[in-house]
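One structure is given below, encoded as structure tokens.
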Amino acid sequence: MRITVAEIVTTHGVRGNLKVKSLSDYEKRFENGAKLLIGDEELTVESSFDQKGLKVIKFNEYDDINDVLKFVGKDITIEDSELGELNEDEYYVFELVGLDVKSHGQTVGKITDVITGVYPNDVYVIKTEKDEVYFPALNATVKNVDIENGFIEVENFSDYE
């Protein structure tokens, strides 16, 4: 299975650099020599640097803006075997999206997204029958995450509806 680690936003300069929005917390993901996939093409990072909240990446295989225009709007992916190990009680966003959300034994919605890096803690976007709820991912509110059985258990859900 492939995991999206960045979205290509635009080109940068004329030498084949790409501006990307990183979706990865793993800083070494884009360092020199890293192997990444765009579609079925494996590319090697020649260089990368941060600029105004985005990463600028240059791949060994391309040296001209005209050759990389085809990548704008595409995702940069990795094979799931390239994912690092997480600590206990940590999860990848792709594992959480789609989980049912239960409160007091009742299913109240489904996680459609996880907002990271904006607030002091992650926030689950939960689609309910009526609305979309932004729910804080805190030890005090999330009681159980059961990836295998496809649900999370939360407390105080009604405080956020």
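Scheme for the structure tokens: letters A, B, ... for chains in order shown; per-chain residue numbers from 1; ligand numbers from 1 in order shown.
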Query raised in the report: Which polymer residues have any atom within 9 Å of an atom of Val142 in chain A, counting only C-alpha atoms, with same-chain residues fewer than 4 positions away left out, as an NGL selection string?
Result: :A and (136-138 or 152-155)
Where does range 90-116 of chain A meet range 79-84 of chain A within 12 Å, residue by residue, with the nearest atom pair and distance in Å to one decimal for each, counting only C-alpha atoms, listed by chain and rising number, as JSON lines?
```
{"residue": "A:Glu90", "atom": "CA", "partner": "A:Gly84", "partner_atom": "CA", "distance": 11.6}
{"residue": "A:Tyr91", "atom": "CA", "partner": "A:Gly84", "partner_atom": "CA", "distance": 11.1}
{"residue": "A:Tyr92", "atom": "CA", "partner": "A:Leu83", "partner_atom": "CA", "distance": 9.4}
{"residue": "A:Phe94", "atom": "CA", "partner": "A:Asp80", "partner_atom": "CA", "distance": 10.9}
{"residue": "A:Glu95", "atom": "CA", "partner": "A:Asp80", "partner_atom": "CA", "distance": 11.6}
```
Requested in this report: List every residue of range 3-128 of chain A that DSSP, applied to the backbone of this structure, assigns to strand (DSSP E), and report them as a ChimeraX atom specification.
Outcome: /A:3-12,17-22,35-38,41-51,54-59,75-79,100-103,106-115,123-127
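Considering only C-alpha atoms, the residue among A:Gln51, A:Phe71, A:Asn66, A:Asn60 positioned nearest to Gly39 in chain A is A:Phe71.
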Query raised in the report: Which is closest to Thr4 in chain A among A:Lys130, A:Lys102, A:Lys74, A:Lys35, if we use only C-alpha atoms?
Result: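 With only C-alpha atoms as the atom set, the closest residue is A:Lys74.
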I'd like a table as a tab-separated table: residues in range 59-116 of chain A with an atom no more than 9 Å from range 6-25 of chain A, each row giving the shortest atom pair and its distance in Å to one decimal, only C-alpha atoms counted, sorted by chain and rising residue number.
```
residue	atom	partner	partner_atom	distance
A:Phe59	CA	A:Asn17	CA	7.3
A:Tyr62	CA	A:Gly16	CA	5.7
A:Asp63	CA	A:Gly16	CA	4.7
A:Asp64	CA	A:Gly16	CA	4.3
A:Ile65	CA	A:Gly16	CA	4.3
A:Asn66	CA	A:Gly16	CA	7.5
A:Asp67	CA	A:Gly16	CA	7.0
A:Val68	CA	A:Gly16	CA	5.8
A:Leu69	CA	A:Thr11	CA	6.9
A:Phe71	CA	A:Ile8	CA	6.9
A:Val72	CA	A:Ile8	CA	5.3
A:Gly73	CA	A:Ile8	CA	5.3
A:Lys74	CA	A:Ile8	CA	5.5
A:Asp75	CA	A:Glu7	CA	4.5
A:Ile76	CA	A:Ala6	CA	5.0
A:Thr77	CA	A:Ala6	CA	7.0
```
Just list as a PDB file with C-alpha atoms, in the first residue's frame whatever in chain A DSSP marks as helix (DSSP H, G or I).
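File written: out.pdb
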```pdb
ATOM      1  CA  GLU A  27      12.051  15.277   8.687  1.00  0.00           C
ATOM      2  CA  LYS A  28      14.495  12.864   7.016  1.00  0.00           C
ATOM      3  CA  ARG A  29      11.802  11.871   4.516  1.00  0.00           C
ATOM      4  CA  PHE A  30      13.020  14.517   2.024  1.00  0.00           C
ATOM      5  CA  ILE A  65      11.037  23.029 -15.494  1.00  0.00           C
ATOM      6  CA  ASN A  66       9.435  21.687 -18.669  1.00  0.00           C
ATOM      7  CA  ASP A  67      10.111  18.109 -17.574  1.00  0.00           C
ATOM      8  CA  VAL A  68       8.532  18.492 -14.103  1.00  0.00           C
ATOM      9  CA  LEU A  69       5.404  20.457 -15.039  1.00  0.00           C
ATOM     10  CA  LYS A  70       3.608  17.108 -15.415  1.00  0.00           C
ATOM     11  CA  PHE A  71       4.001  16.518 -11.661  1.00  0.00           C
ATOM     12  CA  ASP A  80       3.966   1.539   3.625  1.00  0.00           C
ATOM     13  CA  SER A  81       7.043  -0.587   4.405  1.00  0.00           C
ATOM     14  CA  GLU A  82       8.986   2.716   4.488  1.00  0.00           C
ATOM     15  CA  VAL A  93      -3.536   9.780  10.131  1.00  0.00           C
ATOM     16  CA  PHE A  94      -4.443   7.293   7.380  1.00  0.00           C
ATOM     17  CA  GLU A  95      -5.136   4.689  10.101  1.00  0.00           C
ATOM     18  CA  LEU A  96      -7.615   6.992  11.870  1.00  0.00           C
ATOM     19  CA  PHE A 157     -18.651  14.188  22.807  1.00  0.00           C
ATOM     20  CA  SER A 158     -21.823  16.150  23.478  1.00  0.00           C
ATOM     21  CA  ASP A 159     -19.678  19.108  24.669  1.00  0.00           C
TER      22      ASP A 159
END
```
Query raised in the report: Counting only C-alpha atoms, which of A:Val5, A:Ala140, A:Leu54, A:Val97 gets nearest to Leu37 in chain A?
Result: A:Val5
Quick one: everything within 7 Å of Val114 in chain A, counting only C-alpha atoms, minus sequence neighbours fewer than 2 positions away in the same chain. Send it as a PDB file with N, CA, C and O atoms, in the first residue's frame.
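Saved file out-v2.pdb follows:
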```
ATOM      1  N   VAL A  93      -2.251   9.185  10.488  1.00  0.00           N
ATOM      2  CA  VAL A  93      -3.536   9.780  10.131  1.00  0.00           C
ATOM      3  C   VAL A  93      -4.349   8.826   9.257  1.00  0.00           C
ATOM      4  O   VAL A  93      -5.546   8.643   9.467  1.00  0.00           O
ATOM      5  N   THR A 116      -3.575  18.464  11.997  1.00  0.00           N
ATOM      6  CA  THR A 116      -2.354  18.428  12.788  1.00  0.00           C
ATOM      7  C   THR A 116      -1.570  19.715  12.577  1.00  0.00           C
ATOM      8  O   THR A 116      -1.645  20.340  11.525  1.00  0.00           O
ATOM      9  N   ASP A 122      -3.735  17.475  18.155  1.00  0.00           N
ATOM     10  CA  ASP A 122      -4.458  17.081  16.950  1.00  0.00           C
ATOM     11  C   ASP A 122      -5.957  17.245  17.184  1.00  0.00           C
ATOM     12  O   ASP A 122      -6.434  17.191  18.321  1.00  0.00           O
ATOM     13  N   VAL A 123      -6.681  17.432  16.098  1.00  0.00           N
ATOM     14  CA  VAL A 123      -8.135  17.575  16.161  1.00  0.00           C
ATOM     15  C   VAL A 123      -8.746  16.613  15.150  1.00  0.00           C
ATOM     16  O   VAL A 123      -8.370  16.598  13.981  1.00  0.00           O
ATOM     17  N   TYR A 124      -9.676  15.790  15.621  1.00  0.00           N
ATOM     18  CA  TYR A 124     -10.399  14.873  14.734  1.00  0.00           C
ATOM     19  C   TYR A 124     -11.583  15.609  14.120  1.00  0.00           C
ATOM     20  O   TYR A 124     -12.354  16.251  14.828  1.00  0.00           O
ATOM     21  N   VAL A 125     -11.733  15.500  12.812  1.00  0.00           N
ATOM     22  CA  VAL A 125     -12.918  16.014  12.132  1.00  0.00           C
ATOM     23  C   VAL A 125     -13.870  14.827  12.024  1.00  0.00           C
ATOM     24  O   VAL A 125     -13.557  13.828  11.378  1.00  0.00           O
TER      25      VAL A 125
END
```
Query - One-decimal distance in Å that lies between CA of Lys55 in chain A and CA of Leu36 in chain A - result: 14.1 Å
Query raised in the report: CA of Val45 in chain A and CA of Ile3 in chain A are how many Å apart?
Result: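 A separation of 17.4 Å between them.
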Query raised in the report: What separation in Å, quoted to one decimal, exists between CA of Ile38 in chain A and CA of Arg2 in chain A?
Result: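 The value is 10.7 Å.
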Query - Nearest residue to Glu161 in chain A from the set A:Ile57, A:Val118, A:Val145, A:Ile126 (distances using only C-alpha atoms) - result: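 Of A:Ile57, A:Val118, A:Val145, A:Ile126, the one nearest Glu161 in chain A, counting only C-alpha atoms, is A:Ile126.
Considering only C-alpha atoms, the residue among A:Ala34, A:Ile111, A:Val133, A:Ile147 positioned nearest to Ile78 in chain A is A:Ala34.
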